Amino acid sequence: MDNAKRPSSELTLAGQVTPEHLQPAAQQSFQEGWFKKLRGGFLLVIGYMLSPLCWWNDLFFNLPIAYFFGYICSWLSPDLLLPCSIVGYWLSNIAGILLMQVGAVDVFSKEPAERNLKKELLTGVVSSTAYTLVILALIQFKILDAPVLFPGG
């Protein structure tokens, strides 16, 4: 008779989920969510600092990065300093936009999604190039004044 009661009690115990069993999983999920949001916020801020959306960042971030990139390239040929500095500036802006995209996805997404790095990179390159072309058009049509970098030429 004891054997007949035993399986039914085991079944009821197996079907029950106690809060003690759920707590570690919920706590781990909560910690992963906050870590993801914190990481995304950090990437969003760093990306904003490097992106062309921040108007004051060039003096402190982008121009030193661009000059360092041009300086490294000038070891190959001294004539590469200015062109590689321009490329370094453009790359730092692209990196900023990409970091902002990755950070925004981490901060604002509710559920984990698969990332398409190729698509994100293409979006960053296209948006940075479009931004650069708009600025060049504004300078060309004299809507914006460009500073004179090399006077007397």
# chains A, B, ... in the order shown; residues from 1 in each chain; ligands from 1

$ residues_around --residues "Asn57 in chain A" --least-positions-apart "3" --cutoff "12 Å" --atoms "only C-alpha atoms" --output "list in words"
Val45, Ile46, Gly47, Tyr48, Met49, Leu50, Ser51, Pro52, Leu53, Cys54, Phe60, Phe61, Asn62, Leu63, Pro64, Ile65, Tyr89, Ser92, Asn93 and Gly96 of chain A

$ write_last_selection --atoms "all heavy atoms" --output "short mmCIF file (atom, residue, chain, number, x, y, z; two decimals), in the first residue's frame"
data_model
loop_
_atom_site.label_atom_id
_atom_site.label_comp_id
_atom_site.auth_asym_id
_atom_site.auth_seq_id
_atom_site.Cartn_x
_atom_site.Cartn_y
_atom_site.Cartn_z
N VAL A 45 27.46 56.00 -25.86
CA VAL A 45 28.15 57.25 -25.51
C VAL A 45 29.46 57.38 -26.27
O VAL A 45 29.76 58.44 -26.83
CB VAL A 45 28.38 57.32 -23.98
CG1 VAL A 45 29.33 58.44 -23.62
CG2 VAL A 45 27.05 57.50 -23.26
N ILE A 46 30.25 56.31 -26.33
CA ILE A 46 31.52 56.36 -27.06
C ILE A 46 31.25 56.60 -28.55
O ILE A 46 31.94 57.39 -29.20
CB ILE A 46 32.33 55.06 -26.85
CG1 ILE A 46 32.73 54.90 -25.38
CG2 ILE A 46 33.55 55.02 -27.76
CD1 ILE A 46 33.64 56.00 -24.87
N GLY A 47 30.24 55.93 -29.08
CA GLY A 47 29.88 56.14 -30.48
C GLY A 47 29.44 57.56 -30.76
O GLY A 47 29.79 58.14 -31.79
N TYR A 48 28.67 58.14 -29.83
CA TYR A 48 28.24 59.52 -30.00
C TYR A 48 29.44 60.47 -30.00
O TYR A 48 29.50 61.42 -30.79
CB TYR A 48 27.26 59.91 -28.90
CG TYR A 48 26.81 61.35 -28.98
CD1 TYR A 48 25.93 61.75 -29.97
CD2 TYR A 48 27.26 62.29 -28.08
CE1 TYR A 48 25.52 63.07 -30.06
CE2 TYR A 48 26.87 63.61 -28.15
CZ TYR A 48 25.99 63.99 -29.15
OH TYR A 48 25.60 65.30 -29.23
N MET A 49 30.41 60.19 -29.14
CA MET A 49 31.61 61.04 -29.09
C MET A 49 32.41 60.97 -30.38
O MET A 49 33.04 61.94 -30.77
CB MET A 49 32.50 60.62 -27.92
CG MET A 49 31.86 60.84 -26.59
SD MET A 49 31.50 62.55 -26.34
CE MET A 49 31.55 62.65 -24.60
N LEU A 50 32.40 59.82 -31.04
CA LEU A 50 33.15 59.67 -32.28
C LEU A 50 32.33 60.04 -33.52
O LEU A 50 32.90 60.27 -34.58
CB LEU A 50 33.63 58.22 -32.43
CG LEU A 50 34.74 57.79 -31.49
CD1 LEU A 50 34.98 56.30 -31.64
CD2 LEU A 50 36.00 58.57 -31.74
N SER A 51 31.03 60.11 -33.39
CA SER A 51 30.17 60.30 -34.56
C SER A 51 30.15 61.77 -35.00
O SER A 51 30.51 62.66 -34.23
CB SER A 51 28.75 59.86 -34.24
OG SER A 51 28.09 60.84 -33.46
N PRO A 52 29.70 62.00 -36.20
CA PRO A 52 29.57 63.39 -36.67
C PRO A 52 28.39 64.12 -36.05
O PRO A 52 28.21 65.31 -36.28
CB PRO A 52 29.39 63.24 -38.18
CG PRO A 52 28.96 61.86 -38.41
CD PRO A 52 29.47 61.04 -37.27
N LEU A 53 27.58 63.45 -35.24
CA LEU A 53 26.43 64.09 -34.60
C LEU A 53 26.85 65.00 -33.45
O LEU A 53 26.11 65.90 -33.07
CB LEU A 53 25.46 63.03 -34.10
CG LEU A 53 24.90 62.09 -35.16
CD1 LEU A 53 24.03 61.03 -34.51
CD2 LEU A 53 24.13 62.87 -36.21
N CYS A 54 27.99 64.74 -32.88
CA CYS A 54 28.50 65.55 -31.76
C CYS A 54 29.38 66.66 -32.35
O CYS A 54 30.41 66.39 -32.96
CB CYS A 54 29.30 64.65 -30.82
SG CYS A 54 29.92 65.48 -29.38
N PHE A 60 38.73 67.00 -29.59
CA PHE A 60 39.20 66.11 -28.54
C PHE A 60 39.35 64.65 -28.97
O PHE A 60 40.17 63.94 -28.40
CB PHE A 60 38.24 66.16 -27.33
CG PHE A 60 38.16 67.52 -26.73
CD1 PHE A 60 37.03 68.29 -26.91
CD2 PHE A 60 39.21 68.05 -26.02
CE1 PHE A 60 36.94 69.56 -26.36
CE2 PHE A 60 39.14 69.32 -25.48
CZ PHE A 60 38.00 70.08 -25.65
N PHE A 61 38.56 64.21 -29.93
CA PHE A 61 38.57 62.78 -30.29
C PHE A 61 38.98 62.54 -31.73
O PHE A 61 39.99 61.89 -31.99
CB PHE A 61 37.18 62.16 -30.04
CG PHE A 61 36.78 62.17 -28.61
CD1 PHE A 61 35.82 63.07 -28.16
CD2 PHE A 61 37.34 61.29 -27.70
CE1 PHE A 61 35.45 63.09 -26.84
CE2 PHE A 61 36.97 61.30 -26.39
CZ PHE A 61 36.03 62.21 -25.95
N ASN A 62 38.20 63.03 -32.68
CA ASN A 62 38.38 62.63 -34.07
C ASN A 62 39.68 63.16 -34.69
O ASN A 62 40.34 62.43 -35.41
CB ASN A 62 37.18 63.07 -34.91
CG ASN A 62 35.95 62.26 -34.59
OD1 ASN A 62 35.87 61.63 -33.54
ND2 ASN A 62 34.98 62.28 -35.46
N LEU A 63 40.01 64.41 -34.46
CA LEU A 63 41.23 64.94 -35.06
C LEU A 63 42.50 64.29 -34.50
O LEU A 63 43.41 63.98 -35.28
CB LEU A 63 41.27 66.46 -34.94
CG LEU A 63 40.24 67.20 -35.81
CD1 LEU A 63 40.31 68.69 -35.59
CD2 LEU A 63 40.41 66.86 -37.27
N PRO A 64 42.61 64.07 -33.19
CA PRO A 64 43.79 63.33 -32.72
C PRO A 64 43.87 61.90 -33.29
O PRO A 64 44.95 61.43 -33.65
CB PRO A 64 43.64 63.31 -31.21
CG PRO A 64 42.82 64.50 -30.90
CD PRO A 64 41.88 64.64 -32.05
N ILE A 65 42.72 61.23 -33.39
CA ILE A 65 42.72 59.89 -33.98
C ILE A 65 43.13 59.97 -35.45
O ILE A 65 43.95 59.16 -35.93
CB ILE A 65 41.33 59.24 -33.83
CG1 ILE A 65 41.07 58.91 -32.36
CG2 ILE A 65 41.21 57.99 -34.68
CD1 ILE A 65 39.64 58.49 -32.07
N TYR A 89 39.99 60.36 -40.25
CA TYR A 89 38.86 61.13 -39.74
C TYR A 89 37.55 60.48 -40.18
O TYR A 89 36.62 60.31 -39.39
CB TYR A 89 38.94 62.57 -40.24
CG TYR A 89 37.78 63.43 -39.81
CD1 TYR A 89 37.71 63.91 -38.51
CD2 TYR A 89 36.76 63.74 -40.69
CE1 TYR A 89 36.65 64.69 -38.10
CE2 TYR A 89 35.70 64.51 -40.30
CZ TYR A 89 35.64 64.99 -39.00
OH TYR A 89 34.59 65.76 -38.61
N SER A 92 37.00 57.25 -38.25
CA SER A 92 36.57 57.47 -36.87
C SER A 92 35.09 57.84 -36.81
O SER A 92 34.39 57.43 -35.88
CB SER A 92 37.44 58.54 -36.19
OG SER A 92 37.20 59.81 -36.74
N ASN A 93 34.61 58.57 -37.80
CA ASN A 93 33.17 58.88 -37.86
C ASN A 93 32.36 57.62 -38.14
O ASN A 93 31.30 57.42 -37.54
CB ASN A 93 32.88 59.94 -38.92
CG ASN A 93 33.22 61.32 -38.44
OD1 ASN A 93 32.93 61.68 -37.32
ND2 ASN A 93 33.85 62.11 -39.29
N GLY A 96 32.18 55.63 -35.02
CA GLY A 96 31.22 56.24 -34.10
C GLY A 96 29.79 55.87 -34.43
O GLY A 96 29.00 55.53 -33.54
#

$ select_by_dssp --residues "range 36-129 of chain A" --states "helix (DSSP H, G or I)" --output "number ranges by chain"
A: 36-50, 57-74, 78-108, 117-129

$ atom_distance --atom1 "CA of Gly103 in chain A" --atom2 "CA of Leu121 in chain A"
13.9 Å

$ residues_around --residues "Phe108 in chain A" --least-positions-apart "6" --cutoff "10 Å" --atoms "only C-alpha atoms" --output "JSON, numbers by chain"
{"A": [37, 40, 41]}

$ residues_around --residues "Asn116 in chain A" --least-positions-apart "5" --cutoff "12 Å" --atoms "only C-alpha atoms" --output "JSON, numbers by chain"
{"A": [101, 102, 105, 121, 122, 123]}

$ atom_distance --atom1 "CA of Leu117 in chain A" --atom2 "CA of Arg39 in chain A"
17.6 Å
